Amino acid sequence: MKEITVEQFELENDLEEGSILRNNSQFKLFLDHNRAFWLPKTFDYSNIKKLDLSFFLNNNHTVDRSLDIGAGIGFSSSVLSDISNTIDAWEIGTIAFDCLTANFDNAVKTYAVGKTFNKHHVAITDWNLHSTEILEFEDDYTKNSVLSNSSSGFSDINSKKNYTLVKQQTVDSYEYNNIGIINIDTNGYELKVLEGAKETITNCKPFITMSLNESLLNIYGNKIQEVNSLLNQLNYFEVSSGIYTSKQ
């Protein structure tokens with residue numbers, strides 16, 4: 001990635017002025033190959049986890065719709081657009097969501113013309129709730145923690161220095177019927193996301209991509225063994241590193 005000026009990006013892509021972050025000094029524009037991404041000015045782009053689609057590309061596998069849960073600034077959504085016609089992305093961080101919105105706008109004007117990006121400022125969990133609190137860490141805008149009372153299963157965070165309210169929903173509540181891939185990057189909240197997506201997974205049998213971390217799962221009182229047990233109940237197995245598919 002290399003930092004570029006907005007003027008340079010607009011000139012090279014024959015774009016008119018108009019990005020929602022164009023005149024906002026809190027953000028900067030980076031170029032990754034032919035894709036431009038807005039990032040918070042203080043964010044270290046080396047922290048971005050890049051989604052590896054080599055398994056799908058090597059097998060010439062494309063899908064109609066992909067879900068990107070915990071989308072951050074939209075980098076994984078950008079990658080998913082290489083093999084998906086429609087990408088639905090969820091991000092609870094307010095600053096990351098601003099970048100996500102601007103980055104989707106760049107995408108449909110440049111490298112992803114004809115693709116559809118749908119953004120949701122909603123927390124994907126295992127039950128539906130009108131609103132819940134989230135806390136955004138100032139040192140890493142891709143990591144956000146959901147706050148709620150202990151009865152809902154979220155981690156108890158004492159500090160509420162930088163938080164907002166978002167709606168809380170399950171994947172199943174969207175009633176999708178054409179899902180090919182579910183990418184989950186929720187920093188330990190994977191089990192709750194999967195529990196709220198069981199009907200969708202059973203009906204659509206999508207590929208599931210995620211990287212599990214025991215210490216992050218422990219924050220929410222979960223273990224990798226529990227995730228594997230649920231995947232087994234759904235007749236899923238790991239076909240490649242971090243990629244799970246249905247046995248049926």
# chains A, B, ... in the order shown; residues from 1 in each chain; ligands from 1
>>> residues_around(residues="Thr170 in chain A", least_positions_apart="5", cutoff="8 Å", atoms="only C-alpha atoms", output="PyMOL selection string")
chain A and resi 124-128+193+196-197
>>> residues_around(residues="range 65-82 of chain A", least_positions_apart="3", cutoff="8 Å", atoms="only C-alpha atoms", output="ChimeraX atom specification")
/A:37-39,48,50-51,53,85-93,96-100,103-104,107,112,115,124,141-143,178-186
>>> residues_around(residues="Ala36 in chain A", least_positions_apart="2", cutoff="9 Å", atoms="only C-alpha atoms", output="list of chain:residue names")
A:Ile4, A:Phe9, A:Leu29, A:Phe30, A:Leu31, A:Asp32, A:His33, A:Asn34, A:Trp38, A:Asn103, A:Asn106, A:Ala107, A:Thr110
>>> select_by_dssp(residues="range 50-248 of chain A", states="alpha helix (DSSP H)", output="count of residues only")
56
>>> atom_distance(atom1="CA of Leu194 in chain A", atom2="CA of Ser173 in chain A")
12.8 Å
>>> residues_around(residues="Ser211 in chain A", least_positions_apart="3", cutoff="12 Å", atoms="only C-alpha atoms", output="list in words")
Lys49, Lys50, Leu51, Asp52, Asn183, Ile184, Asp185, Thr186, Asn187, Gly188, Tyr189, Glu190, Leu191, Ile208, Glu214, Leu216, Leu217, Ile224, Val227, Glu238, Ser240, Ser241, Gly242, Ile243 and Tyr244 of chain A
>>> residues_around(residues="Leu129 in chain A", least_positions_apart="3", cutoff="7 Å", atoms="only C-alpha atoms", output="list of chain:residue names")
A:Lys167, A:Gln168, A:Gln169
>>> write_last_selection(atoms="C-alpha atoms", output="PDB file, in the first residue's frame")
ATOM      1  CA  LYS A 167     -29.071  -2.267  16.178  1.00  0.00           C
ATOM      2  CA  GLN A 168     -28.406  -5.925  16.910  1.00  0.00           C
ATOM      3  CA  GLN A 169     -29.595  -8.659  14.520  1.00  0.00           C
TER       4      GLN A 169
END
>>> atom_distance(atom1="CA of Tyr236 in chain A", atom2="CA of Phe207 in chain A")
9.1 Å
>>> closest_residue(among="A:Ser215, A:Thr209, A:Ser19, A:Thr200", to="Phe237 in chain A", atoms="only C-alpha atoms")
A:Thr209
>>> closest_residue(among="A:His121, A:Lys2, A:Lys198, A:Lys28", to="Val166 in chain A", atoms="only C-alpha atoms")
A:His121
>>> atom_distance(atom1="CA of Gly221 in chain A", atom2="CA of Asn235 in chain A")
23.8 Å
>>> residues_around(residues="Ser25 in chain A", least_positions_apart="2", cutoff="12 Å", atoms="only C-alpha atoms", output="list in words")
Thr5, Val6, Ile20, Leu21, Arg22, Asn23, Phe27, Lys28, Leu29, Trp38, Leu39, Pro40, Lys41 and Thr42 of chain A
>>> closest_residue(among="A:Asn232, A:Asn203, A:Ile83, A:Ser46", to="Asn59 in chain A", atoms="only C-alpha atoms")
A:Ile83
>>> decode(residues="range 157-201 of chain A", atoms="N, CA and C atoms", output="short mmCIF file (atom, residue, chain, number, x, y, z; two decimals), in the first residue's frame")
data_model
loop_
_atom_site.label_atom_id
_atom_site.label_comp_id
_atom_site.auth_asym_id
_atom_site.auth_seq_id
_atom_site.Cartn_x
_atom_site.Cartn_y
_atom_site.Cartn_z
N ILE A 157 -17.20 -4.54 29.56
CA ILE A 157 -16.10 -3.59 29.44
C ILE A 157 -16.42 -2.39 30.33
N ASN A 158 -15.50 -2.08 31.25
CA ASN A 158 -15.77 -1.05 32.24
C ASN A 158 -15.79 0.35 31.63
N SER A 159 -14.86 0.62 30.74
CA SER A 159 -14.76 1.96 30.16
C SER A 159 -15.73 2.14 29.01
N LYS A 160 -16.41 3.27 28.98
CA LYS A 160 -17.31 3.60 27.87
C LYS A 160 -16.88 4.94 27.27
N LYS A 161 -15.58 5.06 27.06
CA LYS A 161 -15.02 6.34 26.62
C LYS A 161 -15.51 6.75 25.24
N ASN A 162 -15.66 5.80 24.34
CA ASN A 162 -15.95 6.14 22.96
C ASN A 162 -16.94 5.12 22.40
N TYR A 163 -18.23 5.34 22.65
CA TYR A 163 -19.21 4.33 22.28
C TYR A 163 -20.43 4.95 21.60
N THR A 164 -21.18 4.10 20.96
CA THR A 164 -22.41 4.53 20.30
C THR A 164 -23.41 3.38 20.37
N LEU A 165 -24.61 3.61 19.87
CA LEU A 165 -25.64 2.58 19.87
C LEU A 165 -25.89 2.09 18.45
N VAL A 166 -25.99 0.78 18.29
CA VAL A 166 -26.35 0.21 17.00
C VAL A 166 -27.40 -0.87 17.20
N LYS A 167 -28.10 -1.19 16.14
CA LYS A 167 -29.07 -2.27 16.18
C LYS A 167 -28.34 -3.61 16.21
N GLN A 168 -28.98 -4.59 16.79
CA GLN A 168 -28.41 -5.93 16.91
C GLN A 168 -29.33 -6.93 16.22
N GLN A 169 -28.78 -7.71 15.27
CA GLN A 169 -29.59 -8.66 14.52
C GLN A 169 -28.84 -9.96 14.26
N THR A 170 -29.59 -11.01 13.94
CA THR A 170 -28.99 -12.27 13.49
C THR A 170 -28.91 -12.26 11.97
N VAL A 171 -28.04 -13.08 11.44
CA VAL A 171 -28.00 -13.26 9.98
C VAL A 171 -29.33 -13.83 9.51
N ASP A 172 -29.89 -14.76 10.28
CA ASP A 172 -31.15 -15.40 9.90
C ASP A 172 -32.30 -14.41 9.75
N SER A 173 -32.24 -13.31 10.48
CA SER A 173 -33.34 -12.34 10.42
C SER A 173 -33.44 -11.66 9.06
N TYR A 174 -32.37 -11.72 8.26
CA TYR A 174 -32.40 -11.12 6.92
C TYR A 174 -33.06 -12.04 5.88
N GLU A 175 -33.22 -13.29 6.23
CA GLU A 175 -33.91 -14.28 5.37
C GLU A 175 -33.29 -14.36 3.97
N TYR A 176 -31.97 -14.45 3.91
CA TYR A 176 -31.29 -14.62 2.62
C TYR A 176 -31.53 -16.03 2.09
N ASN A 177 -31.50 -16.16 0.77
CA ASN A 177 -31.65 -17.48 0.16
C ASN A 177 -30.63 -17.75 -0.93
N ASN A 178 -29.64 -16.89 -1.08
CA ASN A 178 -28.67 -17.05 -2.16
C ASN A 178 -27.25 -16.74 -1.71
N ILE A 179 -26.87 -17.21 -0.53
CA ILE A 179 -25.55 -16.90 0.03
C ILE A 179 -24.53 -17.94 -0.40
N GLY A 180 -23.40 -17.48 -0.94
CA GLY A 180 -22.33 -18.38 -1.36
C GLY A 180 -21.17 -18.43 -0.39
N ILE A 181 -20.89 -17.29 0.27
CA ILE A 181 -19.77 -17.20 1.22
C ILE A 181 -20.17 -16.33 2.40
N ILE A 182 -19.83 -16.77 3.60
CA ILE A 182 -19.94 -15.93 4.79
C ILE A 182 -18.54 -15.75 5.36
N ASN A 183 -18.04 -14.54 5.31
CA ASN A 183 -16.73 -14.23 5.89
C ASN A 183 -16.96 -13.59 7.26
N ILE A 184 -16.34 -14.16 8.30
CA ILE A 184 -16.55 -13.68 9.67
C ILE A 184 -15.21 -13.23 10.25
N ASP A 185 -15.12 -11.96 10.61
CA ASP A 185 -13.90 -11.41 11.22
C ASP A 185 -14.34 -10.53 12.39
N THR A 186 -14.68 -11.19 13.50
CA THR A 186 -15.33 -10.50 14.61
C THR A 186 -14.55 -10.54 15.92
N ASN A 187 -13.25 -10.85 15.84
CA ASN A 187 -12.38 -10.75 17.01
C ASN A 187 -12.91 -11.51 18.22
N GLY A 188 -13.30 -12.76 18.02
CA GLY A 188 -13.73 -13.62 19.12
C GLY A 188 -15.22 -13.84 19.23
N TYR A 189 -15.99 -13.18 18.39
CA TYR A 189 -17.45 -13.29 18.48
C TYR A 189 -18.02 -14.27 17.45
N GLU A 190 -17.17 -15.09 16.89
CA GLU A 190 -17.58 -15.98 15.80
C GLU A 190 -18.69 -16.95 16.19
N LEU A 191 -18.63 -17.51 17.40
CA LEU A 191 -19.64 -18.49 17.80
C LEU A 191 -21.03 -17.87 17.82
N LYS A 192 -21.15 -16.67 18.38
CA LYS A 192 -22.45 -16.00 18.45
C LYS A 192 -22.98 -15.69 17.05
N VAL A 193 -22.10 -15.28 16.15
CA VAL A 193 -22.51 -15.01 14.77
C VAL A 193 -23.05 -16.27 14.13
N LEU A 194 -22.34 -17.38 14.30
CA LEU A 194 -22.76 -18.66 13.70
C LEU A 194 -24.08 -19.15 14.29
N GLU A 195 -24.25 -18.96 15.59
CA GLU A 195 -25.50 -19.40 16.22
C GLU A 195 -26.70 -18.64 15.69
N GLY A 196 -26.48 -17.41 15.29
CA GLY A 196 -27.57 -16.61 14.72
C GLY A 196 -27.71 -16.78 13.22
N ALA A 197 -26.92 -17.69 12.65
CA ALA A 197 -26.95 -17.89 11.19
C ALA A 197 -27.23 -19.35 10.83
N LYS A 198 -27.67 -20.16 11.79
CA LYS A 198 -27.82 -21.60 11.54
C LYS A 198 -28.84 -21.91 10.44
N GLU A 199 -29.95 -21.20 10.41
CA GLU A 199 -30.96 -21.45 9.38
C GLU A 199 -30.42 -21.09 7.99
N THR A 200 -29.73 -19.96 7.91
CA THR A 200 -29.14 -19.53 6.64
C THR A 200 -28.10 -20.52 6.16
N ILE A 201 -27.26 -20.99 7.08
CA ILE A 201 -26.23 -21.95 6.72
C ILE A 201 -26.85 -23.28 6.28
#
